[in-house]
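Note: the block below is my_file04.tsv and it holds TSV, C-alpha atoms.
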```tsv
chain	number	residue	atom	x	y	z
A	4	MET	CA	0.00	0.00	0.00
A	5	ARG	CA	1.36	3.40	-0.99
A	6	ILE	CA	0.53	6.39	1.19
A	7	ASP	CA	1.39	9.72	-0.48
A	8	LEU	CA	-0.26	12.00	2.09
A	9	LEU	CA	-0.97	11.97	5.83
A	10	LEU	CA	-4.05	14.16	6.43
A	11	LEU	CA	-4.41	15.29	10.04
A	12	ASP	CA	-7.13	16.63	12.30
A	13	VAL	CA	-6.07	19.38	14.73
A	14	ASP	CA	-8.20	19.41	17.90
A	15	GLY	CA	-7.96	16.04	19.62
A	16	VAL	CA	-5.01	14.84	17.55
A	17	LEU	CA	-2.33	17.54	17.26
A	18	VAL	CA	-3.52	19.52	20.28
A	19	HIS	CA	-5.71	18.86	23.30
A	20	TYR	CA	-8.29	21.67	23.10
A	21	GLN	CA	-10.16	23.02	26.13
A	22	ARG	CA	-12.91	25.44	25.16
A	23	ALA	CA	-13.46	26.70	28.71
A	24	GLN	CA	-9.82	27.87	28.87
A	25	ARG	CA	-10.26	29.81	25.65
A	26	VAL	CA	-13.39	31.54	26.98
A	27	LEU	CA	-11.64	32.36	30.28
A	28	HIS	CA	-8.55	33.76	28.52
A	29	LEU	CA	-10.66	36.00	26.27
A	30	ALA	CA	-12.74	37.18	29.22
A	31	GLN	CA	-9.64	38.13	31.22
A	32	ALA	CA	-7.93	39.78	28.24
A	33	LEU	CA	-11.00	41.85	27.35
A	34	ASP	CA	-12.16	42.45	30.94
A	35	VAL	CA	-15.66	41.06	30.34
A	36	PRO	CA	-17.54	38.26	32.14
A	37	THR	CA	-16.89	34.71	30.95
A	38	ALA	CA	-20.64	34.16	30.48
A	39	HIS	CA	-20.72	37.06	28.00
A	40	VAL	CA	-17.82	35.60	26.01
A	41	HIS	CA	-19.45	32.16	25.90
A	42	ALA	CA	-22.76	33.68	24.78
A	43	ALA	CA	-21.10	35.83	22.12
A	44	LEU	CA	-19.11	32.96	20.64
A	45	TYR	CA	-21.50	30.03	20.91
A	46	ASP	CA	-25.06	31.00	21.86
A	47	SER	CA	-25.16	33.67	19.14
A	48	GLY	CA	-24.10	31.26	16.39
A	49	LEU	CA	-21.03	33.41	15.66
A	50	GLU	CA	-18.48	30.61	16.01
A	51	ALA	CA	-20.57	28.32	13.80
A	52	ALA	CA	-20.84	31.05	11.15
A	53	HIS	CA	-17.04	31.47	11.15
A	54	ASP	CA	-16.46	27.70	10.99
A	55	SER	CA	-18.86	27.37	8.04
A	56	GLY	CA	-17.25	30.20	6.08
A	57	ALA	CA	-20.32	32.45	6.31
A	58	LEU	CA	-18.15	35.01	8.14
A	59	ASP	CA	-14.53	35.67	7.20
A	60	GLY	CA	-11.92	36.44	9.86
A	61	PRO	CA	-12.17	40.25	9.96
A	62	ARG	CA	-15.99	40.25	10.00
A	63	TYR	CA	-16.02	37.57	12.67
A	64	LEU	CA	-13.66	39.54	14.94
A	65	SER	CA	-15.64	42.74	14.31
A	66	ARG	CA	-18.93	41.06	15.19
A	67	LEU	CA	-17.41	39.48	18.31
A	68	GLY	CA	-16.24	42.91	19.41
A	69	GLU	CA	-19.72	44.36	18.83
A	70	LEU	CA	-21.33	41.63	20.92
A	71	LEU	CA	-18.86	42.20	23.76
A	72	GLY	CA	-18.79	45.99	23.55
A	73	THR	CA	-15.05	46.15	22.92
A	74	THR	CA	-12.40	45.56	20.24
A	75	VAL	CA	-11.09	42.04	19.65
A	76	THR	CA	-7.77	41.99	17.78
A	77	LEU	CA	-6.35	39.02	15.92
A	78	PRO	CA	-3.40	38.66	18.36
A	79	THR	CA	-5.83	38.57	21.31
A	80	TRP	CA	-7.96	35.92	19.58
A	81	ILE	CA	-4.91	33.80	18.71
A	82	ALA	CA	-3.53	34.10	22.25
A	83	ALA	CA	-6.81	32.75	23.63
A	84	ARG	CA	-6.79	29.86	21.15
A	85	GLN	CA	-3.18	29.16	22.14
A	86	ALA	CA	-4.02	29.17	25.85
A	87	ALA	CA	-6.67	26.52	25.19
A	88	SER	CA	-4.64	24.33	22.82
A	89	HIS	CA	-2.07	22.05	24.45
A	90	PRO	CA	0.25	20.38	21.91
A	91	GLN	CA	0.23	16.58	22.09
A	92	LEU	CA	4.00	16.25	22.20
A	93	PRO	CA	4.26	12.45	21.66
A	94	VAL	CA	2.11	12.86	18.52
A	95	LEU	CA	4.18	15.77	17.25
A	96	GLN	CA	7.46	13.94	17.87
A	97	ARG	CA	6.31	11.01	15.75
A	98	LEU	CA	5.14	13.31	12.96
A	99	GLN	CA	8.36	15.32	12.85
A	100	ALA	CA	10.31	12.13	12.15
A	101	LEU	CA	8.25	11.26	9.06
A	102	GLN	CA	9.20	11.72	5.41
A	103	VAL	CA	5.65	11.50	4.00
A	104	PRO	CA	3.96	14.83	3.09
A	105	MET	CA	1.40	16.08	5.61
A	106	ALA	CA	-1.64	18.36	5.50
A	107	VAL	CA	-4.38	19.46	7.90
A	108	LEU	CA	-8.18	19.36	7.59
A	109	THR	CA	-9.99	20.93	10.54
A	110	ASN	CA	-13.55	22.00	11.28
A	111	ASN	CA	-12.59	25.60	12.00
A	112	GLY	CA	-12.93	29.10	10.65
A	113	ALA	CA	-10.41	30.85	8.42
A	114	LEU	CA	-8.50	32.39	11.34
A	115	MET	CA	-7.26	28.94	12.32
A	116	THR	CA	-4.83	29.12	9.39
A	117	GLN	CA	-3.23	32.15	11.04
A	118	ALA	CA	-3.29	30.62	14.51
A	119	LEU	CA	-1.67	27.30	13.59
A	120	PRO	CA	1.92	28.62	13.27
A	121	MET	CA	1.64	29.78	16.90
A	122	LEU	CA	-0.07	26.59	18.11
A	123	LEU	CA	2.40	24.22	16.40
A	124	PRO	CA	5.61	26.15	15.71
A	125	GLN	CA	7.81	23.07	15.25
A	126	LEU	CA	5.44	21.20	12.95
A	127	PHE	CA	4.02	24.10	10.98
A	128	PRO	CA	6.84	24.37	8.39
A	129	ALA	CA	5.77	20.90	7.16
A	130	LEU	CA	2.18	22.16	6.85
A	131	GLN	CA	2.84	25.47	5.09
A	132	ASP	CA	0.11	26.11	2.45
A	133	ARG	CA	-1.39	22.72	3.32
A	134	VAL	CA	-3.90	23.78	5.99
A	135	PHE	CA	-7.56	23.41	5.05
A	136	CYS	CA	-10.50	24.53	7.18
A	137	SER	CA	-14.21	23.75	6.92
A	138	ALA	CA	-14.67	27.48	6.23
A	139	ASP	CA	-12.68	27.12	2.98
A	140	PHE	CA	-15.37	24.87	1.53
A	141	GLY	CA	-18.53	25.74	3.47
A	142	LEU	CA	-18.55	22.06	4.44
A	143	ARG	CA	-17.68	20.27	7.66
A	144	LYS	CA	-16.27	16.85	8.36
A	145	PRO	CA	-17.66	14.16	8.22
A	146	VAL	CA	-19.25	15.17	4.86
A	147	PRO	CA	-17.29	13.09	2.27
A	148	GLU	CA	-17.17	16.01	-0.18
A	149	VAL	CA	-14.92	18.07	2.13
A	150	PHE	CA	-12.26	15.34	1.95
A	151	LEU	CA	-12.49	15.10	-1.83
A	152	ARG	CA	-12.16	18.86	-2.29
A	153	THR	CA	-9.16	18.97	0.04
A	154	LEU	CA	-7.42	16.23	-1.92
A	155	ALA	CA	-8.31	17.89	-5.24
A	156	ALA	CA	-6.56	21.05	-4.02
A	157	LEU	CA	-3.50	18.99	-3.08
A	158	GLY	CA	-3.53	16.82	-6.20
A	159	VAL	CA	-3.48	13.56	-4.22
A	160	ALA	CA	-5.66	10.48	-4.79
A	161	ALA	CA	-8.01	9.39	-2.01
A	162	GLY	CA	-6.69	5.82	-2.23
A	163	HIS	CA	-3.15	7.04	-1.44
A	164	THR	CA	-4.19	9.20	1.54
A	165	LEU	CA	-4.27	8.26	5.22
A	166	PHE	CA	-6.50	10.45	7.41
A	167	VAL	CA	-6.42	10.47	11.22
A	168	ASP	CA	-9.01	12.05	13.53
A	169	ASP	CA	-10.09	11.61	17.15
A	170	LEU	CA	-13.77	11.28	16.15
A	171	PHE	CA	-14.92	8.07	14.50
A	172	ALA	CA	-17.75	9.92	12.70
A	173	ASN	CA	-15.09	11.86	10.77
A	174	VAL	CA	-13.11	8.68	10.07
A	175	ARG	CA	-16.26	7.12	8.65
A	176	GLY	CA	-16.82	10.17	6.40
A	177	ALA	CA	-13.25	9.94	5.10
A	178	ARG	CA	-13.64	6.23	4.37
A	179	ALA	CA	-16.84	6.98	2.46
A	180	ALA	CA	-14.77	9.36	0.31
A	181	GLY	CA	-12.28	6.56	-0.44
A	182	LEU	CA	-9.51	7.54	1.97
A	183	HIS	CA	-7.77	5.21	4.39
A	184	ALA	CA	-8.77	6.56	7.80
A	185	GLU	CA	-8.23	5.66	11.45
A	186	THR	CA	-9.08	7.01	14.89
A	187	VAL	CA	-6.10	8.39	16.85
A	188	HIS	CA	-6.03	9.97	20.31
A	189	ASP	CA	-2.36	9.91	21.33
A	190	GLY	CA	1.20	9.23	20.25
A	191	ARG	CA	1.01	5.52	20.94
A	192	GLY	CA	-2.14	5.14	18.87
A	193	LEU	CA	-0.61	7.15	16.04
A	194	GLY	CA	2.50	4.96	16.12
A	195	LYS	CA	0.39	1.83	15.69
A	196	VAL	CA	-1.53	3.33	12.76
A	197	LEU	CA	1.63	4.53	11.00
A	198	LYS	CA	3.20	1.09	11.40
A	199	ARG	CA	0.09	-0.68	10.06
A	200	TYR	CA	0.11	1.47	6.92
A	201	GLY	CA	3.89	1.44	6.50
A	202	VAL	CA	4.16	5.23	6.79
A	203	ARG	CA	7.67	6.47	7.49
```
Just give me the structure as structure tokens.
Amino acid sequence: MRIDLLLLDVDGVLVHYQRAQRVLHLAQALDVPTAHVHAALYDSGLEAAHDSGALDGPRYLSRLGELLGTTVTLPTWIAARQAASHPQLPVLQRLQALQVPMAVLTNNGALMTQALPMLLPQLFPALQDRVFCSADFGLRKPVPEVFLRTLAALGVAAGHTLFVDDLFANVRGARAAGLHAETVHDGRGLGKVLKRYGVR
């Protein structure tokens, strides 16, 4: 079996993400109550609109600022995302030793592309121009089409791609699109999957 691309999820695979920490960090940075931040991001549908591509980065930050009665800058937003995203070091160490090309497909808004160099500074050079978000396509995993459009942009065949995600629903969607796909939660699990597929 030939694997020409390792396609990676972010939250739950490359980083351990804690939403409550992100809300708390934003609240402290902006001097507003945590409940207001949570409501502005999630109850309002703002985060979902950003993730789906309905709102681009600048409009999303502007609207968030309006809802909170303040200004939210990109560095402040990224710092909050960074505070909530803890790199899974055993996973990253295994990935940095690989020769196979890598890319990312994440259910996130466009700003994630700008945050990723800060979240994963050691790994990011291997992902440069190979980061794809649900917002890019207006489609979310596990919809099979989002995998096919990602691979079309990269010029890689589904049958030569291995996708890893922490959610089995997304793995199932990738398999429906013709990719090899497995569930991974930690470095040990990733090691087993890479060995099974002969990825070096």
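Close contacts of region 126-143 of chain A, defined as residues with an atom at most 6 Å away when counting all atoms listed in the file, with chain neighbours fewer than 5 positions off set aside, comprise Asp54, Ser55, Gly56, Ala106, Val107, Leu108, Thr109, Asn110, Asn111, Gly112, Ala113, Pro120 and Val149 of chain A.
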Could you write out that same residue set with C-alpha atoms as a short mmCIF file (atom, residue, chain, number, x, y, z; two decimals), in the frame of the given file?
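Ended up saving to out_19.cif:
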```cif
data_model
loop_
_atom_site.label_atom_id
_atom_site.label_comp_id
_atom_site.auth_asym_id
_atom_site.auth_seq_id
_atom_site.Cartn_x
_atom_site.Cartn_y
_atom_site.Cartn_z
CA ASP A 54 -16.46 27.70 10.99
CA SER A 55 -18.86 27.37 8.04
CA GLY A 56 -17.25 30.20 6.08
CA ALA A 106 -1.64 18.36 5.50
CA VAL A 107 -4.38 19.46 7.90
CA LEU A 108 -8.18 19.36 7.59
CA THR A 109 -9.99 20.93 10.54
CA ASN A 110 -13.55 22.00 11.28
CA ASN A 111 -12.59 25.60 12.00
CA GLY A 112 -12.93 29.10 10.65
CA ALA A 113 -10.41 30.85 8.42
CA PRO A 120 1.92 28.62 13.27
CA VAL A 149 -14.92 18.07 2.13
#
```
Hey, which bits of region 169-194 of chain A sit within 10 Å of region 7-27 of chain A, and for each residue what's the closest pair of atoms and how far apart in Å (one decimal), counting all atoms listed in the file, rows by chain and increasing number, as JSON lines?
```
{"residue": "A:Asp169", "atom": "CA", "partner": "A:Gly15", "partner_atom": "CA", "distance": 5.5}
{"residue": "A:Leu170", "atom": "CA", "partner": "A:Gly15", "partner_atom": "CA", "distance": 8.3}
{"residue": "A:Asn173", "atom": "CA", "partner": "A:Asp12", "partner_atom": "CA", "distance": 9.4}
{"residue": "A:Leu182", "atom": "CA", "partner": "A:Leu10", "partner_atom": "CA", "distance": 9.7}
{"residue": "A:His183", "atom": "CA", "partner": "A:Leu9", "partner_atom": "CA", "distance": 9.7}
{"residue": "A:Ala184", "atom": "CA", "partner": "A:Leu10", "partner_atom": "CA", "distance": 9.1}
{"residue": "A:Thr186", "atom": "CA", "partner": "A:Val16", "partner_atom": "CA", "distance": 9.2}
{"residue": "A:Val187", "atom": "CA", "partner": "A:Val16", "partner_atom": "CA", "distance": 6.6}
{"residue": "A:His188", "atom": "CA", "partner": "A:Val16", "partner_atom": "CA", "distance": 5.7}
{"residue": "A:Asp189", "atom": "CA", "partner": "A:Val16", "partner_atom": "CA", "distance": 6.8}
{"residue": "A:Gly190", "atom": "CA", "partner": "A:Val16", "partner_atom": "CA", "distance": 8.8}
{"residue": "A:Leu193", "atom": "CA", "partner": "A:Val16", "partner_atom": "CA", "distance": 9.0}
```
Legend entry - Nearest candidate to Tyr63 (chain A) (options A:Ala43, A:Val103, A:Leu197, A:Leu29; using only C-alpha atoms): A:Ala43
Inset, instruction - Select, from A:Glu50, A:His39, A:His28, A:Met105, the residue with the minimum atom-to-atom distance to Ala87 (chain A), counting all atoms listed in the file. - result: A:His28
Inset, instruction - Rounded to one decimal place, report the CA of Pro36 (chain A)-CA of Thr74 (chain A) distance in Å. - result: 14.9 Å
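Nearest residue to Leu165 (chain A), choosing from A:His53, A:Arg97, A:Arg191, A:Arg5 and counting all atoms listed in the file: A:Arg5.
When CA of Ile81 (chain A) is paired with CA of Asp46 (chain A), their separation reads 20.6 Å.
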Inset, instruction - Could you please determine the separation between CA of Ala177 (chain A) and CA of Pro104 (chain A) in Å, to one decimal place? - result: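 For CA of Ala177 (chain A) relative to CA of Pro104 (chain A), the distance reads 18.0 Å.
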Legend entry - Shell of 10 Å around Thr73 (chain A), only C-alpha atoms, local chain residues under 3 positions omitted, as a PyMOL selection string: chain A and resi 33-35+65+67-70+76
Legend entry - Answer as a list in words, residues within 8 Å of (-11.8, 14.2, 3.0) using all atoms listed in the file: Leu108, Lys144, Pro145, Val146, Pro147, Glu148, Val149, Phe150, Leu151, Arg152, Thr153, Leu154, Ala161, Phe166, Gly176, Ala177, Ala180 and Leu182 of chain A
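Distance check against Gln31 (chain A) using only C-alpha atoms: of A:Trp80, A:Phe171, A:Tyr200, A:Tyr45, the minimum falls on A:Trp80.
Closest to Leu92 (chain A) among A:Met4, A:Leu71, A:Leu123, A:Ala155 is A:Leu123, based on only C-alpha atoms.
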Inset, instruction - Would you please work out which residue, of A:Leu58, A:Ile6, A:Ala86, A:Leu122, is nearest to Gly162 (chain A) when using only C-alpha atoms? - result: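 Nearest candidate to Gly162 (chain A) out of A:Leu58, A:Ile6, A:Ala86, A:Leu122: A:Ile6.
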Where atoms are missing, can you supply N, CA and C atoms for region 111-123 of chain A and output the lot as a PDB file, keeping the file's coordinate frame?
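Final file, part18.pdb:
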```pdb
ATOM      1  N   ASN A 111     -12.837  24.302  11.375  1.00  0.00           N
ATOM      2  CA  ASN A 111     -12.590  25.600  12.000  1.00  0.00           C
ATOM      3  C   ASN A 111     -12.754  26.712  10.987  1.00  0.00           C
ATOM      4  N   GLY A 112     -12.834  27.931  11.506  1.00  0.00           N
ATOM      5  CA  GLY A 112     -12.930  29.100  10.650  1.00  0.00           C
ATOM      6  C   GLY A 112     -11.577  29.472  10.058  1.00  0.00           C
ATOM      7  N   ALA A 113     -11.606  30.472   9.162  1.00  0.00           N
ATOM      8  CA  ALA A 113     -10.410  30.850   8.420  1.00  0.00           C
ATOM      9  C   ALA A 113      -9.266  31.318   9.310  1.00  0.00           C
ATOM     10  N   LEU A 114      -9.571  31.881  10.476  1.00  0.00           N
ATOM     11  CA  LEU A 114      -8.500  32.390  11.340  1.00  0.00           C
ATOM     12  C   LEU A 114      -7.601  31.283  11.878  1.00  0.00           C
ATOM     13  N   MET A 115      -8.085  30.043  11.837  1.00  0.00           N
ATOM     14  CA  MET A 115      -7.260  28.940  12.320  1.00  0.00           C
ATOM     15  C   MET A 115      -5.972  28.820  11.514  1.00  0.00           C
ATOM     16  N   THR A 116      -6.032  29.165  10.245  1.00  0.00           N
ATOM     17  CA  THR A 116      -4.830  29.120   9.390  1.00  0.00           C
ATOM     18  C   THR A 116      -3.762  30.048   9.931  1.00  0.00           C
ATOM     19  N   GLN A 117      -4.186  31.188  10.481  1.00  0.00           N
ATOM     20  CA  GLN A 117      -3.230  32.150  11.040  1.00  0.00           C
ATOM     21  C   GLN A 117      -2.789  31.778  12.450  1.00  0.00           C
ATOM     22  N   ALA A 118      -3.632  31.008  13.146  1.00  0.00           N
ATOM     23  CA  ALA A 118      -3.290  30.620  14.510  1.00  0.00           C
ATOM     24  C   ALA A 118      -2.327  29.432  14.552  1.00  0.00           C
ATOM     25  N   LEU A 119      -2.417  28.566  13.557  1.00  0.00           N
ATOM     26  CA  LEU A 119      -1.670  27.300  13.590  1.00  0.00           C
ATOM     27  C   LEU A 119      -0.148  27.471  13.725  1.00  0.00           C
ATOM     28  N   PRO A 120       0.476  28.460  13.073  1.00  0.00           N
ATOM     29  CA  PRO A 120       1.920  28.620  13.270  1.00  0.00           C
ATOM     30  C   PRO A 120       2.293  28.875  14.734  1.00  0.00           C
ATOM     31  N   MET A 121       1.383  29.528  15.476  1.00  0.00           N
ATOM     32  CA  MET A 121       1.640  29.780  16.900  1.00  0.00           C
ATOM     33  C   MET A 121       1.337  28.530  17.741  1.00  0.00           C
ATOM     34  N   LEU A 122       0.313  27.775  17.340  1.00  0.00           N
ATOM     35  CA  LEU A 122      -0.070  26.590  18.110  1.00  0.00           C
ATOM     36  C   LEU A 122       0.944  25.463  17.942  1.00  0.00           C
ATOM     37  N   LEU A 123       1.504  25.344  16.723  1.00  0.00           N
ATOM     38  CA  LEU A 123       2.400  24.220  16.400  1.00  0.00           C
ATOM     39  C   LEU A 123       3.658  24.730  15.696  1.00  0.00           C
TER      40      LEU A 123
END
```
